[in-house]
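Engineer: Quick one: structure below, then a few questions.
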Number of protein chains: 2
Amino acid sequence: MIMSHLPEAISQLVEELRKLPGIGPKTAQRLAFHLVVSGKDSMNRLVSSLIEARDKIGYCSVCGNLTDVDPCGICQDVRRDPSVICVVAYPKDVLAIERAGAFRGLYHVLHGYIEPLKGIGPEEIRVKELMDRLVSTGREVKEVILATNPDVDGETTALYLAKELKPRNVKVTRLARGLPFGADLDYADEVTLSKSLEARREMT
Amino acid sequence: MIMSHLPEAISQLVEELRKLPGIGPKTAQRLAFHLVVSGKDSMNRLVSSLIEARDKIGYCSVCGNLTDVDPCGICQDVRRDPSVICVVAYPKDVLAIERAGAFRGLYHVLHGYIEPLKGIGPEEIRVKELMDRLVSTGREVKEVILATNPDVDGETTALYLAKELKPRNVKVTRLARGLPFGADLDYADEVTLSKSLEARREMT
């Protein structure tokens with residue numbers, strides 16, 4: 001009823017935009033109106049970039065990241081250290097770590113978390129592919145960094161992977177937990193604060 | 001540099017999404033990744049709704065609102081009162097007022113504000129079309145509501161229109177200014193507070 005006087009083509013566009021993450025009904029309307037008012041040229045640019053992405057982007061057969069070449073740019077990069085594999089849940093996590101610029105090894109994208117309550121077990125995500133990489137790569141994998149989110153699903157998945165990986169003679173590490181940079185003690189939640197006390201480090 | 005390892009097709013999509021209002025670089029990346037990961041079907045639905053909107057939506061020749069028929073659904077609606085015209089700057093403002101559901105007259109969309117500093121005069125927006133409507137419509141227009149934004153450009157435009165409209169024997173009104181519903185006096189800005197004192201109404 002809210003959109004009673006919206007032309008059908010606009011309300012359909014609004015519906016499609018609402019499916020995007022973080023886009024509520026009001027934002028979707030604002031975006032739809034902006035697009036329609038902005039004219040055919042800018043609509044066409046958006047449409048063709050969507051079609052390009054749809055047709056050219058797939059998953060890397062090695063690491064599972066989004067790519068337009070296979071293996072992907074990161075897997076092919078000879079300057080990167082193949083002895084360290086950073087395991088993440090989704091392609092966007094690769095992007096976040098690349099943005100930080102502090103990692104020079106390779107990635108492995110699981111495409112999900114182990115979520116027993118939803119019936120998602122290790123077979124539903126790319127766990128087997130990870131194990132295969134440990135034996136199939138020519139060069140030895142010395143360390144697997146478990147960079148899953150610091151929440152319930154991330155912990156569940158990391159614990160499972162750690163258990164599977166340890167017998168394979170590979171070092172298994174987890175991203176450090178603690179206070180984020182620039183944080184205010186006063187505003188830190190209890191779990192973060194107690195974890196960062198627990199993991200306190202001696203100053204040298 | 002942020003997107004050094006993003007495939008070209010994704011970074012182009014990110015660039016296009018960044019042009020949308022309220023979408024910053026991080027949101028654009030999140031949206032692009034979501035779209036690519038969500039698969040071809042949902043990409044196709046978004047693409048076709050964009051193409052539909054691009055091809056079917058135009059401006060109403062009477063009121064200037066976005067529409068897929070001409071004149072638009074509101075202008076054609078015989079249940080609406082043609083003796084009251086509500087003047088707004090943009091199509092999205094029509095939507096906002098329709099959402100409120102408290103207006104049963106017709107609209108006139110100016111497609112902009114008078115902004116002398118940017119060289120936008122009355123000729124650049126749909127002022128002449130408004131004046132023409134006052135004489136050309138069969139039925140008499142009794143009231144013009146100036147529903148431009150309560151800011152500098154909105155005031156400038158409203159003052160200009162009021163000056164032009166008054167000699168034409170039509171009642172000219174402006175949306176009331178005051179405290180928004182649910183507001184906290186403590187947080188209200190000085191202008192709003194003094195305007196709502198100035199415009200105080202006797203309780204009956």
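Going through the structure tokens in order, the chains are called A, B, and so on, while each chain numbers its residues from 1 and the ligands are numbered from 1 in the order shown.
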Within 9 Å of stretch 33-45 of chain A, counting only C-alpha atoms, which residues show up once you throw out same-chain ones fewer than 4 positions away? Write them as a list in words, please.

Structural biologist: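 The residues that qualify are Ile10, Val14, Ala28, Gln29, Ser49 and Leu50 of chain A; Glu16, Leu20, Pro21, Leu50, Ile51, Ala53, Arg54, Asp55, Ile57, Gly58, Leu66, Pro91 and Lys92 of chain B.
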
Engineer: Near chain B, which residues of chain A fall within 6 Å when you count only C-alpha atoms, and what do they look like as an MDAnalysis selection string?

Structural biologist: chainID A and resid 2 7 9:10 13 16 46:47 49 52:53 67:68 99

Engineer: Can you tell me, as an MDAnalysis selection string, what residues are no more than 9 Å from A:Ala147 when counting only C-alpha atoms, ignoring any on the same chain fewer than 2 positions away?

Structural biologist: chainID A and resid 86:89 93 145 149:150 154 158 173:175

Engineer: Taking the chain letters and numbering used in this document, name the residues of chain B that DSSP puts in alpha helix (DSSP H), as an NGL selection string.

Structural biologist: :B and (8-18 or 25-38 or 40-56 or 73-76 or 91-100 or 127-136 or 152-165 or 190-198)

Engineer: Have a look at A:Gln76, A:Ser194, A:Leu110, A:Asp70 and name the one nearest to A:Glu123; count only C-alpha atoms.

Structural biologist: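 Answer, going by the shortest atom-to-atom distance: A:Leu110.
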
Engineer: Between atom CA of B:Tyr160 and atom CA of B:Lys195, what is the distance, to one decimal in Å?

Structural biologist: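 According to the coordinates, atom CA of B:Tyr160 and atom CA of B:Lys195 are separated by 20.6 Å.
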